[in-house]
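Asks: There's a structure below that I have some questions on.
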Amino acid sequence: MSTLLERLHRDHAILRRLLDLLSSQLDDFFAGRESNFDLKIELLDFIEHYAEQIHHPTEDLLFQVAKNRCSEDGELFERIGDQHPNLEALTHRFRETLEGVIQGEVMPREEVEVRGREFVALQRQHIDQEEQEIFPLLEKCLAAEDWETLLTEVPLGEDVLFSREDFARFRGLIEFLSGHGNE
Ligand SMILES: [Fe+2]
């Protein structure tokens with residue numbers, strides 16, 4: 001498997017873990033148990049930041065080239081790619097919702113729950129669709145030379161999740177993840 005596809009798989013694995021973490025944090029909140037809002041907000045900030053800067057631009061570039069190679073699959077690449085800005089906006093909105101809650105904005109718990117469940121479900125649905133339908137198509141449509149060229153064109157050349165400056169911004173999340181037996 002190409003380095004780039006491996007990187008996207010890894011991103012998805014991490015995103016799934018973060019969505020699981022968010023889900024269990026939201027379960028605590030909905031059940032009236034103690035729940036760490038700062039962690040949830042940092043987590044959403046990270047998902048939004050990473051998707052917007054790295055993950056989606058990488059996929060968009062791959063989809064674009066693959067669409068040119070396999071025009072018969074163009075509609076599917078377009079449809080899934082079009083979900084990217086919507087997911088970023090959804091992430092942004094849900095983060096604002098949670099920020100509103102800690103700032104004392106009055107919002108029924110059920111409303112936060114509906115938005116939270118919707119956010120997690122749509123993110124998972126998108127990842128599953130990419131893994132099951134899009135990634136096999138990328139392998140079919142892109143040649144070895146395409147992967148090589150694309151590797152030099154994607155936004156992040158290095159293979160790290162958190163860059164140096166991210167450590168300060170996402171300190172709570174990084175500490176939480178490393179304290180829970182994860183890499
Ligand atoms: Fe993705």
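Each chain in the structure tokens gets a letter, A, B and so on, in the order shown; residues start at 1 in every chain, and ligands are counted from 1 in the order they appear.
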For ligand 1, return the neighbouring residues as a VMD selection string (distance at most 9 Å; only C-alpha atoms and all ligand atoms).

Replies: chain A and resid 8 to 9 11 to 12 51 55 to 56 58 to 59 84 126 to 131

Asks: Suppose we keep N, CA and C atoms; can you now write the selection as an mmCIF file, in the first residue's frame?

Replies:
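File selection04.cif, as written:
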data_model
loop_
_atom_site.group_PDB
_atom_site.id
_atom_site.type_symbol
_atom_site.label_atom_id
_atom_site.label_comp_id
_atom_site.auth_asym_id
_atom_site.auth_seq_id
_atom_site.Cartn_x
_atom_site.Cartn_y
_atom_site.Cartn_z
ATOM 1 N N LEU A 8 -3.507 8.015 5.323
ATOM 2 C CA LEU A 8 -4.946 8.307 5.434
ATOM 3 C C LEU A 8 -5.654 7.273 6.324
ATOM 4 N N HIS A 9 -5.234 5.998 6.167
ATOM 5 C CA HIS A 9 -5.790 4.952 7.041
ATOM 6 C C HIS A 9 -5.493 5.274 8.504
ATOM 7 N N ASP A 11 -4.852 8.185 9.817
ATOM 8 C CA ASP A 11 -5.685 9.328 10.217
ATOM 9 C C ASP A 11 -7.081 8.853 10.623
ATOM 10 N N HIS A 12 -7.637 7.961 9.802
ATOM 11 C CA HIS A 12 -8.992 7.465 10.094
ATOM 12 C C HIS A 12 -9.022 6.684 11.401
ATOM 13 N N ALA A 51 -8.348 18.146 9.959
ATOM 14 C CA ALA A 51 -9.092 17.861 8.732
ATOM 15 C C ALA A 51 -8.907 18.989 7.717
ATOM 16 N N HIS A 55 -5.785 16.534 6.411
ATOM 17 C CA HIS A 55 -6.448 15.315 5.942
ATOM 18 C C HIS A 55 -7.321 15.553 4.697
ATOM 19 N N HIS A 56 -8.197 16.507 4.764
ATOM 20 C CA HIS A 56 -9.072 16.746 3.614
ATOM 21 C C HIS A 56 -8.331 17.278 2.385
ATOM 22 N N THR A 58 -5.399 16.578 1.489
ATOM 23 C CA THR A 58 -4.707 15.411 0.921
ATOM 24 C C THR A 58 -5.694 14.569 0.113
ATOM 25 N N GLU A 59 -6.836 14.269 0.737
ATOM 26 C CA GLU A 59 -7.830 13.458 0.029
ATOM 27 C C GLU A 59 -8.348 14.178 -1.214
ATOM 28 N N HIS A 84 -16.557 17.042 2.562
ATOM 29 C CA HIS A 84 -15.485 17.587 3.412
ATOM 30 C C HIS A 84 -15.793 18.967 4.001
ATOM 31 N N HIS A 126 -18.928 8.920 7.096
ATOM 32 C CA HIS A 126 -18.022 9.419 6.058
ATOM 33 C C HIS A 126 -16.734 8.572 6.012
ATOM 34 N N ILE A 127 -16.162 8.311 7.168
ATOM 35 C CA ILE A 127 -14.928 7.511 7.231
ATOM 36 C C ILE A 127 -15.184 6.108 6.654
ATOM 37 N N ASP A 128 -16.305 5.502 7.079
ATOM 38 C CA ASP A 128 -16.612 4.143 6.597
ATOM 39 C C ASP A 128 -16.737 4.122 5.080
ATOM 40 N N GLN A 129 -17.394 5.135 4.549
ATOM 41 C CA GLN A 129 -17.596 5.176 3.104
ATOM 42 C C GLN A 129 -16.269 5.343 2.361
ATOM 43 N N GLU A 130 -15.401 6.169 2.919
ATOM 44 C CA GLU A 130 -14.089 6.334 2.280
ATOM 45 C C GLU A 130 -13.294 5.030 2.338
ATOM 46 N N GLU A 131 -13.315 4.399 3.504
ATOM 47 C CA GLU A 131 -12.541 3.162 3.659
ATOM 48 C C GLU A 131 -13.081 2.050 2.746
#

Asks: Write out as a list of chain:residue names which residues come within 8 Å of Gly172 in chain A when counting only C-alpha atoms, dropping same-chain ones fewer than 4 positions away.

Replies: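 My reading of the contact set: A:Leu39, A:Glu42, A:Phe176.
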
Asks: Only N, CA and C atoms, please: the residues just picked out, written as an mmCIF file, in the first residue's frame.

Replies:
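As written to disk, out_15.cif reads:
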data_model
loop_
_atom_site.group_PDB
_atom_site.id
_atom_site.type_symbol
_atom_site.label_atom_id
_atom_site.label_comp_id
_atom_site.auth_asym_id
_atom_site.auth_seq_id
_atom_site.Cartn_x
_atom_site.Cartn_y
_atom_site.Cartn_z
ATOM 1 N N LEU A 39 -11.757 19.134 27.453
ATOM 2 C CA LEU A 39 -11.199 18.064 26.624
ATOM 3 C C LEU A 39 -12.014 17.891 25.339
ATOM 4 N N GLU A 42 -11.260 20.788 22.985
ATOM 5 C CA GLU A 42 -9.921 20.641 22.402
ATOM 6 C C GLU A 42 -9.926 19.554 21.326
ATOM 7 N N PHE A 176 -4.215 13.401 27.703
ATOM 8 C CA PHE A 176 -5.280 12.440 27.942
ATOM 9 C C PHE A 176 -5.023 11.149 27.151
#

Asks: So which residues touch Val101 in chain A within 12 Å, counting only C-alpha atoms, skipping near sequence neighbours fewer than 6 positions away, as a ChimeraX atom specification?

Replies: /A:29,37-38,40-41,94-95,107-109,111-113

Asks: Could you write out the selected residues, including C-alpha atoms, as an mmCIF file, in the first residue's frame?

Replies:
data_model
loop_
_atom_site.group_PDB
_atom_site.id
_atom_site.type_symbol
_atom_site.label_atom_id
_atom_site.label_comp_id
_atom_site.auth_asym_id
_atom_site.auth_seq_id
_atom_site.Cartn_x
_atom_site.Cartn_y
_atom_site.Cartn_z
ATOM 1 C CA PHE A 29 -22.654 14.411 30.067
ATOM 2 C CA PHE A 37 -15.790 19.971 28.508
ATOM 3 C CA ASP A 38 -12.347 21.428 27.940
ATOM 4 C CA LYS A 40 -14.197 17.782 24.292
ATOM 5 C CA ILE A 41 -13.639 21.276 22.918
ATOM 6 C CA PHE A 94 -20.592 21.590 17.404
ATOM 7 C CA ARG A 95 -17.485 23.053 19.027
ATOM 8 C CA MET A 107 -29.507 25.102 25.809
ATOM 9 C CA PRO A 108 -31.511 21.988 26.623
ATOM 10 C CA ARG A 109 -29.327 18.946 27.233
ATOM 11 C CA GLU A 111 -30.470 19.647 21.971
ATOM 12 C CA VAL A 112 -26.761 19.198 22.716
ATOM 13 C CA GLU A 113 -27.307 15.448 22.605
#

Asks: Quick one: pull the distance between CA of Arg7 in chain A and CA of Glu52 in chain A, Å, one decimal.

Replies: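 About the pair CA of Arg7 in chain A and CA of Glu52 in chain A: they are 15.6 Å apart.
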
Asks: Compare A:Thr152, A:Asn86, A:Ile174, A:Leu19 by their minimum atom-to-atom distance to Arg124 in chain A, counting only C-alpha atoms, and give me the closest one.

Replies: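 Smallest distance to Arg124 in chain A is found for A:Leu19.
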
Asks: Write down as a PyMOL selection string the residues belonging to chain A that are assigned alpha helix (DSSP H) by DSSP computed on the backbone.

Replies: chain A and resi 3-30+37-50+56-69+74-102+109-129+135-141+144-153+166-169+171-178

Asks: Which residue, A:Asp166, A:Leu62, A:Asp82, A:Gln103, has the smallest gap to Thr149 in chain A when you use only C-alpha atoms?

Replies: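 Residue with the minimum atom-to-atom distance to Thr149 in chain A: A:Leu62.
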
Asks: Work out how far apart CA of Asp60 in chain A and CA of Val154 in chain A are and give it in Å to one decimal.

Replies: 9.6 Å

Asks: Measure the distance from CA of Leu142 in chain A to CA of Leu61 in chain A in Å and round it to one decimal.

Replies: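 CA of Leu61 in chain A lies at a distance of 11.8 Å from CA of Leu142 in chain A.
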
Asks: Quick one: of A:Glu48, A:Glu175, A:Glu75, A:Leu98, who's nearest to Ser35 in chain A, counting only C-alpha atoms?

Replies: A:Leu98

Asks: Considering only C-alpha atoms, can you say which of A:Ser24, A:Lys67, A:Glu34, A:Glu6 comes closest to Leu138 in chain A?

Replies: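 That would be A:Lys67, the residue with the smallest distance to Leu138 in chain A.
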
Asks: Between A:Leu4, A:Leu44, A:Arg69, A:Arg171, which one has atoms that come closest to Ala143 in chain A, using only C-alpha atoms?

Replies: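 Among the listed residues, A:Arg69 lies closest to Ala143 in chain A.
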
Asks: With only C-alpha atoms as the atoms that count, which of A:Phe63, A:Trp147, A:Tyr50, A:Phe119 lies nearest to Leu22 in chain A?

Replies: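 Of A:Phe63, A:Trp147, A:Tyr50, A:Phe119, the one nearest Leu22 in chain A, counting only C-alpha atoms, is A:Phe119.
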